[in-house]
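Source file: model-v2.cif; contents: mmCIF, C-alpha atoms.
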```cif
data_coords
#
loop_
_atom_site.group_PDB
_atom_site.id
_atom_site.type_symbol
_atom_site.label_atom_id
_atom_site.label_comp_id
_atom_site.auth_asym_id
_atom_site.auth_seq_id
_atom_site.Cartn_x
_atom_site.Cartn_y
_atom_site.Cartn_z
ATOM 1 C CA MET I 1 -4.697 -10.175 -27.283
ATOM 2 C CA ASP I 2 -1.803 -10.437 -24.845
ATOM 3 C CA HIS I 3 -1.772 -6.867 -23.507
ATOM 4 C CA HIS I 4 1.946 -7.075 -22.693
ATOM 5 C CA ARG I 5 2.756 -8.044 -26.285
ATOM 6 C CA ALA I 6 0.675 -5.181 -27.638
ATOM 7 C CA THR I 7 2.389 -2.592 -25.467
ATOM 8 C CA ALA I 8 5.917 -3.996 -25.324
ATOM 9 C CA PRO I 9 8.281 -2.326 -27.768
ATOM 10 C CA LEU I 10 9.807 -4.228 -30.619
ATOM 11 C CA THR I 11 13.371 -5.187 -29.748
ATOM 12 C CA VAL I 12 16.593 -5.288 -31.753
ATOM 13 C CA TYR I 13 19.285 -7.602 -30.394
ATOM 14 C CA LEU I 14 22.464 -5.979 -31.655
ATOM 15 C CA ASP I 15 25.854 -7.541 -32.207
ATOM 16 C CA VAL I 16 28.632 -5.038 -32.918
ATOM 17 C CA ASP I 17 31.604 -6.695 -34.647
ATOM 18 C CA GLY I 18 30.656 -7.765 -38.156
ATOM 19 C CA VAL I 19 27.390 -5.816 -37.976
ATOM 20 C CA VAL I 20 28.048 -2.114 -37.299
ATOM 21 C CA THR I 21 31.802 -2.359 -37.642
ATOM 22 C CA THR I 22 34.259 -4.617 -39.399
ATOM 23 C CA VAL I 23 37.941 -5.390 -39.158
ATOM 24 C CA GLY I 24 38.469 -3.516 -42.425
ATOM 25 C CA TYR I 25 36.630 -0.437 -41.195
ATOM 26 C CA GLN I 26 38.579 -0.430 -37.932
ATOM 27 C CA ARG I 27 41.836 -0.806 -39.847
ATOM 28 C CA GLN I 28 40.937 2.395 -41.699
ATOM 29 C CA ALA I 29 39.221 4.399 -38.917
ATOM 30 C CA GLY I 30 40.841 3.053 -35.760
ATOM 31 C CA LYS I 31 40.345 0.264 -33.244
ATOM 32 C CA ASP I 32 36.862 0.045 -31.740
ATOM 33 C CA LYS I 33 35.458 2.625 -34.179
ATOM 34 C CA LEU I 34 31.949 1.996 -35.429
ATOM 35 C CA ASN I 35 30.902 2.654 -38.992
ATOM 36 C CA PRO I 36 28.434 5.576 -38.860
ATOM 37 C CA ALA I 37 26.707 4.446 -42.063
ATOM 38 C CA GLN I 38 25.960 1.030 -40.575
ATOM 39 C CA VAL I 39 24.946 2.495 -37.204
ATOM 40 C CA ALA I 40 22.589 4.798 -39.126
ATOM 41 C CA ILE I 41 20.817 1.720 -40.511
ATOM 42 C CA VAL I 42 20.164 0.473 -36.977
ATOM 43 C CA ALA I 43 19.191 3.954 -35.768
ATOM 44 C CA GLY I 44 16.732 4.300 -38.658
ATOM 45 C CA LEU I 45 15.073 0.967 -37.866
ATOM 46 C CA VAL I 46 14.859 1.848 -34.182
ATOM 47 C CA ARG I 47 13.249 5.213 -34.979
ATOM 48 C CA GLU I 48 10.859 3.874 -37.604
ATOM 49 C CA PHE I 49 9.567 1.044 -35.416
ATOM 50 C CA ASP I 50 10.007 2.710 -32.025
ATOM 51 C CA ALA I 51 12.159 -0.280 -31.078
ATOM 52 C CA LYS I 52 14.520 -0.801 -28.176
ATOM 53 C CA VAL I 53 18.095 -2.031 -28.505
ATOM 54 C CA VAL I 54 19.625 -4.818 -26.450
ATOM 55 C CA VAL I 55 23.363 -5.326 -26.910
ATOM 56 C CA SER I 56 24.194 -9.005 -27.412
ATOM 57 C CA SER I 57 27.802 -8.446 -28.471
ATOM 58 C CA THR I 58 30.916 -9.143 -26.428
ATOM 59 C CA TRP I 59 31.058 -5.320 -26.304
ATOM 60 C CA ARG I 60 28.447 -5.627 -23.523
ATOM 61 C CA VAL I 61 31.127 -6.663 -21.016
ATOM 62 C CA ASP I 62 31.829 -2.960 -20.593
ATOM 63 C CA ASP I 63 29.146 -0.312 -20.942
ATOM 64 C CA CYS I 64 29.343 0.290 -24.682
ATOM 65 C CA ARG I 65 26.258 2.507 -24.830
ATOM 66 C CA PRO I 66 28.267 5.786 -24.909
ATOM 67 C CA THR I 67 30.228 4.467 -27.901
ATOM 68 C CA LEU I 68 27.024 3.452 -29.675
ATOM 69 C CA VAL I 69 25.447 6.850 -28.947
ATOM 70 C CA GLU I 70 28.550 8.668 -30.187
ATOM 71 C CA ALA I 71 28.287 6.631 -33.397
ATOM 72 C CA GLY I 72 24.659 7.624 -33.957
ATOM 73 C CA LEU I 73 22.193 5.696 -31.774
ATOM 74 C CA SER I 74 19.823 7.657 -29.573
ATOM 75 C CA GLU I 75 20.543 7.751 -25.850
ATOM 76 C CA THR I 76 16.953 6.678 -25.224
ATOM 77 C CA CYS I 77 16.888 3.701 -27.596
ATOM 78 C CA PHE I 78 18.175 1.128 -25.137
ATOM 79 C CA HIS I 79 15.950 -1.386 -23.399
ATOM 80 C CA PRO I 80 15.981 -0.941 -19.591
ATOM 81 C CA ASP I 81 17.767 -4.328 -19.400
ATOM 82 C CA TRP I 82 20.146 -3.134 -22.116
ATOM 83 C CA ARG I 83 22.392 -6.171 -22.505
ATOM 84 C CA THR I 84 22.080 -9.920 -22.571
ATOM 85 C CA ALA I 85 23.415 -11.764 -19.551
ATOM 86 C CA ILE I 86 26.879 -13.228 -19.555
ATOM 87 C CA LEU I 87 25.942 -16.823 -18.866
ATOM 88 C CA PRO I 88 28.421 -19.320 -17.389
ATOM 89 C CA THR I 89 28.615 -20.901 -20.850
ATOM 90 C CA SER I 90 29.708 -17.505 -22.253
ATOM 91 C CA ARG I 91 33.141 -17.690 -20.600
ATOM 92 C CA ASP I 92 36.112 -19.970 -21.067
ATOM 93 C CA ALA I 93 36.178 -22.290 -18.036
ATOM 94 C CA LYS I 94 39.981 -22.140 -17.823
ATOM 95 C CA THR I 95 40.701 -18.452 -18.421
ATOM 96 C CA GLY I 96 37.412 -16.792 -17.521
ATOM 97 C CA GLY I 97 37.624 -14.818 -20.768
ATOM 98 C CA MET I 98 34.692 -14.312 -23.103
ATOM 99 C CA LEU I 99 34.242 -17.021 -25.714
ATOM 100 C CA SER I 100 33.555 -16.241 -29.342
ATOM 101 C CA ALA I 101 29.866 -15.802 -30.152
ATOM 102 C CA GLU I 102 29.702 -19.216 -31.812
ATOM 103 C CA ARG I 103 31.232 -21.017 -28.839
ATOM 104 C CA ALA I 104 29.365 -18.998 -26.201
ATOM 105 C CA GLY I 105 25.943 -19.801 -27.594
ATOM 106 C CA ARG I 106 24.860 -16.266 -28.428
ATOM 107 C CA GLY I 107 21.434 -17.575 -29.380
ATOM 108 C CA ASP I 108 21.001 -19.016 -25.880
ATOM 109 C CA GLU I 109 21.960 -15.673 -24.331
ATOM 110 C CA ILE I 110 19.353 -13.908 -26.472
ATOM 111 C CA ALA I 111 16.683 -16.509 -25.696
ATOM 112 C CA GLU I 112 17.367 -16.179 -21.964
ATOM 113 C CA HIS I 113 17.073 -12.383 -22.143
ATOM 114 C CA ALA I 114 13.884 -12.504 -24.220
ATOM 115 C CA THR I 115 12.281 -14.992 -21.834
ATOM 116 C CA ARG I 116 13.330 -13.120 -18.698
ATOM 117 C CA ASN I 117 12.007 -9.816 -20.108
ATOM 118 C CA ARG I 118 8.913 -11.327 -21.766
ATOM 119 C CA ILE I 119 10.048 -10.103 -25.190
ATOM 120 C CA THR I 120 8.204 -11.837 -28.007
ATOM 121 C CA ASP I 121 8.657 -9.455 -30.943
ATOM 122 C CA TYR I 122 12.309 -9.005 -31.828
ATOM 123 C CA ILE I 123 14.957 -9.314 -34.476
ATOM 124 C CA VAL I 124 18.592 -10.334 -34.114
ATOM 125 C CA LEU I 125 21.289 -8.457 -36.042
ATOM 126 C CA ASP I 126 24.293 -10.779 -35.815
ATOM 127 C CA ASP I 127 26.912 -12.046 -38.241
ATOM 128 C CA VAL I 128 27.047 -15.521 -36.618
ATOM 129 C CA GLU I 129 24.491 -18.304 -36.490
ATOM 130 C CA VAL I 130 22.205 -17.861 -33.474
ATOM 131 C CA GLY I 131 20.237 -21.080 -33.745
ATOM 132 C CA PRO I 132 16.863 -22.321 -34.923
ATOM 133 C CA VAL I 133 14.914 -20.707 -32.066
ATOM 134 C CA HIS I 134 15.538 -17.341 -33.762
ATOM 135 C CA ARG I 135 14.666 -18.483 -37.297
ATOM 136 C CA GLY I 136 12.622 -15.834 -39.079
ATOM 137 C CA ARG I 137 14.020 -13.127 -36.794
ATOM 138 C CA HIS I 138 17.721 -13.259 -37.674
ATOM 139 C CA VAL I 139 19.390 -10.842 -40.074
ATOM 140 C CA ARG I 140 22.901 -12.132 -40.711
ATOM 141 C CA PRO I 141 25.201 -9.658 -42.463
ATOM 142 C CA LEU I 142 28.512 -10.732 -43.933
ATOM 143 C CA ALA I 143 31.136 -10.078 -41.249
ATOM 144 C CA ASP I 144 33.581 -8.537 -43.720
ATOM 145 C CA PHE I 145 31.060 -5.915 -44.845
ATOM 146 C CA GLY I 146 28.665 -5.324 -41.930
ATOM 147 C CA LEU I 147 25.067 -4.301 -42.453
ATOM 148 C CA SER I 148 24.097 -3.754 -46.064
ATOM 149 C CA GLU I 149 21.065 -2.125 -47.620
ATOM 150 C CA ALA I 150 19.718 -5.617 -48.301
ATOM 151 C CA ASP I 151 20.115 -6.440 -44.599
ATOM 152 C CA ARG I 152 18.286 -3.221 -43.748
ATOM 153 C CA GLY I 153 15.476 -4.223 -46.084
ATOM 154 C CA LEU I 154 15.161 -7.660 -44.507
ATOM 155 C CA ALA I 155 15.194 -6.217 -40.973
ATOM 156 C CA ARG I 156 12.545 -3.704 -41.971
ATOM 157 C CA ARG I 157 10.314 -6.413 -43.483
ATOM 158 C CA LEU I 158 10.647 -8.584 -40.360
ATOM 159 C CA LEU I 159 9.768 -5.694 -38.037
ATOM 160 C CA ALA I 160 6.887 -4.578 -40.268
ATOM 161 C CA ARG I 161 5.493 -8.114 -40.235
ATOM 162 C CA MET I 162 5.518 -8.025 -36.419
ATOM 163 C CA VAL I 163 3.644 -4.712 -36.445
ATOM 164 C CA ASP I 164 1.123 -6.095 -38.942
ATOM 165 C CA LEU I 165 0.570 -9.170 -36.771
ATOM 166 C CA ARG I 166 -0.036 -6.991 -33.722
ATOM 167 C CA LEU I 167 -2.559 -4.894 -35.640
ATOM 168 C CA ALA I 168 -4.349 -7.979 -36.951
ATOM 169 C CA MET I 169 -4.521 -9.474 -33.471
ATOM 170 C CA ASP I 170 -5.843 -6.179 -32.110
ATOM 171 C CA ARG I 171 -8.572 -6.026 -34.781
ATOM 172 C CA ASN I 172 -9.570 -9.606 -34.028
ATOM 173 C CA GLY I 173 -9.572 -9.016 -30.286
ATOM 174 C CA SER I 174 -7.070 -11.838 -29.795
#
```

Structure translated into structure tokens:
Amino acid sequence: MDHHRATAPLTVYLDVDGVVTTVGYQRQAGKDKLNPAQVAIVAGLVREFDAKVVVSSTWRVDDCRPTLVEAGLSETCFHPDWRTAILPTSRDAKTGGMLSAERAGRGDEIAEHATRNRITDYIVLDDVEVGPVHRGRHVRPLADFGLSEADRGLARRLLARMVDLRLAMDRNGS
């Protein structure tokens, strides 16, 4: 078995807007406020699977980790390379501003990070399409509602399948 794969933590690529907060929630609670109930879903998955979080959201432009910790994530849950890179294709060529996730190619940013960090076992929590390379790893909540219990269940099943595959490979000496 690939020793790195066996020892590398599972990874959760986390978008923020539309996943752990929504426009409606922010209208009620305040701008840039995260929904603690939705953050708790992510925190529970991270704890249960001893996973690491990589922020793939536009929130990564600034260090959003303190905000995520205040909302309920553990300070120690972040991957050492805690955010995806801001690729040249992530910015508007004219203004230099961040493009929307769809236009920036969020899936490409995640793929680049996973390749650079040799991450093979991961899920993506994102309310936008991230491309076919992440098929079978993508949990896509409805942007107006954020993470639901059904989304939590799907994320849990995907992570559990990765753990089961690792165990099977270990038993087989692969």

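Put simply, the PyMOL selection byres ((chain I and resi 130-136) around 7) in this file takes in Arg106, Gly107, Val128, Glu129, Arg137 and His138 of chain I.
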
Applied to the shown file, which residues does the PyMOL selection byres ((chain I and resi 26-35) around 12) return, written as an NGL selection string? :I and (15-25 or 36-42 or 59 or 64 or 66-73 or 144-148)

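CA of Ser56 in chain I sits 7.0 Å away from CA of Ile110 in chain I.
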
At a cut-off of 9 Å, using all atoms listed in the file, what residues contact Met162 in chain I? Leave out same-chain residues fewer than 5 positions from it and give the result as number ranges by chain. I: 10, 121-122, 157, 167

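Nearest to Leu14 in chain I of all the residues I:Arg116, I:Lys52, I:Arg47, I:Arg161 is I:Lys52, counting all atoms listed in the file.
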
I'd like the interatomic distance between CA of Gly97 in chain I and CA of Thr11 in chain I, to a tenth of an Å. 27.6 Å

Would you pick out the contacts of Leu159 in chain I at 10 Å or less, using all atoms listed in the file, so that residues sharing its chain but fewer than 3 positions from it are not included, and give the list as number ranges by chain? I: 10-12, 45-46, 48-49, 51, 121-123, 137, 153-156, 162-165

Between CA of Arg166 in chain I and CA of Asp108 in chain I, what is the spacing in Å? 25.5 Å

So which residues touch Gly105 in chain I within 8 Å, counting all atoms listed in the file, skipping near sequence neighbours fewer than 4 positions away, as a list in words? Thr89, Ser90, Ala101, Glu109 and Val130 of chain I

Only C-alpha atoms, please: the residues just picked out, written as a compact mmCIF listing (two decimals), in the coordinates of the input.
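Heads up, here's the output in again-v1.txt:
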```
# COMPACT_ATOMS: atom_id res chain seq x y z
CA THR I 89 28.62 -20.90 -20.85
CA SER I 90 29.71 -17.50 -22.25
CA ALA I 101 29.87 -15.80 -30.15
CA GLU I 109 21.96 -15.67 -24.33
CA VAL I 130 22.20 -17.86 -33.47
```

For range 150-174 of chain I, supply N, CA, C and O atoms and report the output as a short mmCIF file (atom, residue, chain, number, x, y, z; two decimals), keeping the file's coordinate frame.
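So the final result, stored in out05.cif, reads:
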```
data_model
loop_
_atom_site.label_atom_id
_atom_site.label_comp_id
_atom_site.auth_asym_id
_atom_site.auth_seq_id
_atom_site.Cartn_x
_atom_site.Cartn_y
_atom_site.Cartn_z
N ALA I 150 20.57 -4.43 -48.25
CA ALA I 150 19.72 -5.62 -48.30
C ALA I 150 19.39 -6.11 -46.89
O ALA I 150 18.25 -6.51 -46.62
N ASP I 151 20.36 -6.06 -45.99
CA ASP I 151 20.11 -6.44 -44.60
C ASP I 151 19.10 -5.49 -43.96
O ASP I 151 18.20 -5.92 -43.24
N ARG I 152 19.24 -4.20 -44.25
CA ARG I 152 18.29 -3.22 -43.75
C ARG I 152 16.88 -3.55 -44.24
O ARG I 152 15.91 -3.51 -43.49
N GLY I 153 16.78 -3.88 -45.51
CA GLY I 153 15.48 -4.22 -46.08
C GLY I 153 14.86 -5.45 -45.41
O GLY I 153 13.66 -5.45 -45.09
N LEU I 154 15.66 -6.46 -45.18
CA LEU I 154 15.16 -7.66 -44.51
C LEU I 154 14.73 -7.33 -43.08
O LEU I 154 13.65 -7.74 -42.64
N ALA I 155 15.54 -6.59 -42.35
CA ALA I 155 15.19 -6.22 -40.97
C ALA I 155 13.89 -5.42 -40.96
O ALA I 155 13.01 -5.66 -40.13
N ARG I 156 13.76 -4.52 -41.89
CA ARG I 156 12.54 -3.70 -41.97
C ARG I 156 11.32 -4.57 -42.24
O ARG I 156 10.28 -4.39 -41.63
N ARG I 157 11.45 -5.52 -43.17
CA ARG I 157 10.31 -6.41 -43.48
C ARG I 157 9.93 -7.27 -42.26
O ARG I 157 8.75 -7.46 -41.99
N LEU I 158 10.93 -7.77 -41.54
CA LEU I 158 10.65 -8.58 -40.36
C LEU I 158 9.92 -7.77 -39.29
O LEU I 158 8.95 -8.23 -38.69
N LEU I 159 10.41 -6.55 -39.04
CA LEU I 159 9.77 -5.69 -38.04
C LEU I 159 8.36 -5.29 -38.48
O LEU I 159 7.42 -5.29 -37.67
N ALA I 160 8.20 -4.96 -39.75
CA ALA I 160 6.89 -4.58 -40.27
C ALA I 160 5.89 -5.73 -40.15
O ALA I 160 4.72 -5.52 -39.82
N ARG I 161 6.36 -6.93 -40.38
CA ARG I 161 5.49 -8.11 -40.24
C ARG I 161 5.02 -8.25 -38.79
O ARG I 161 3.87 -8.59 -38.53
N MET I 162 5.91 -7.96 -37.83
CA MET I 162 5.52 -8.02 -36.42
C MET I 162 4.46 -6.97 -36.09
O MET I 162 3.50 -7.24 -35.38
N VAL I 163 4.63 -5.78 -36.64
CA VAL I 163 3.64 -4.71 -36.44
C VAL I 163 2.32 -5.13 -37.06
O VAL I 163 1.26 -4.98 -36.44
N ASP I 164 2.35 -5.66 -38.27
CA ASP I 164 1.12 -6.10 -38.94
C ASP I 164 0.42 -7.18 -38.14
O ASP I 164 -0.82 -7.16 -38.02
N LEU I 165 1.16 -8.10 -37.58
CA LEU I 165 0.57 -9.17 -36.77
C LEU I 165 -0.09 -8.59 -35.52
O LEU I 165 -1.21 -8.98 -35.16
N ARG I 166 0.56 -7.65 -34.90
CA ARG I 166 -0.04 -6.99 -33.72
C ARG I 166 -1.34 -6.30 -34.09
O ARG I 166 -2.33 -6.40 -33.36
N LEU I 167 -1.34 -5.59 -35.21
CA LEU I 167 -2.56 -4.89 -35.64
C LEU I 167 -3.69 -5.87 -35.95
O LEU I 167 -4.84 -5.65 -35.59
N ALA I 168 -3.34 -6.97 -36.61
CA ALA I 168 -4.35 -7.98 -36.95
C ALA I 168 -4.91 -8.60 -35.68
O ALA I 168 -6.14 -8.82 -35.58
N MET I 169 -4.07 -8.88 -34.73
CA MET I 169 -4.52 -9.47 -33.47
C MET I 169 -5.40 -8.48 -32.71
O MET I 169 -6.41 -8.88 -32.10
N ASP I 170 -5.05 -7.22 -32.79
CA ASP I 170 -5.84 -6.18 -32.11
C ASP I 170 -7.23 -6.07 -32.74
O ASP I 170 -8.24 -5.97 -32.05
N ARG I 171 -7.28 -6.11 -34.07
CA ARG I 171 -8.57 -6.03 -34.78
C ARG I 171 -9.45 -7.23 -34.46
O ARG I 171 -10.67 -7.12 -34.38
N ASN I 172 -8.83 -8.38 -34.30
CA ASN I 172 -9.57 -9.61 -34.03
C ASN I 172 -9.87 -9.80 -32.55
O ASN I 172 -10.52 -10.78 -32.18
N GLY I 173 -9.35 -8.90 -31.72
CA GLY I 173 -9.57 -9.02 -30.29
C GLY I 173 -8.85 -10.18 -29.64
O GLY I 173 -9.24 -10.66 -28.59
N SER I 174 -7.82 -10.69 -30.32
CA SER I 174 -7.07 -11.84 -29.80
C SER I 174 -6.16 -11.45 -28.67
O SER I 174 -5.65 -10.40 -28.59
#
```
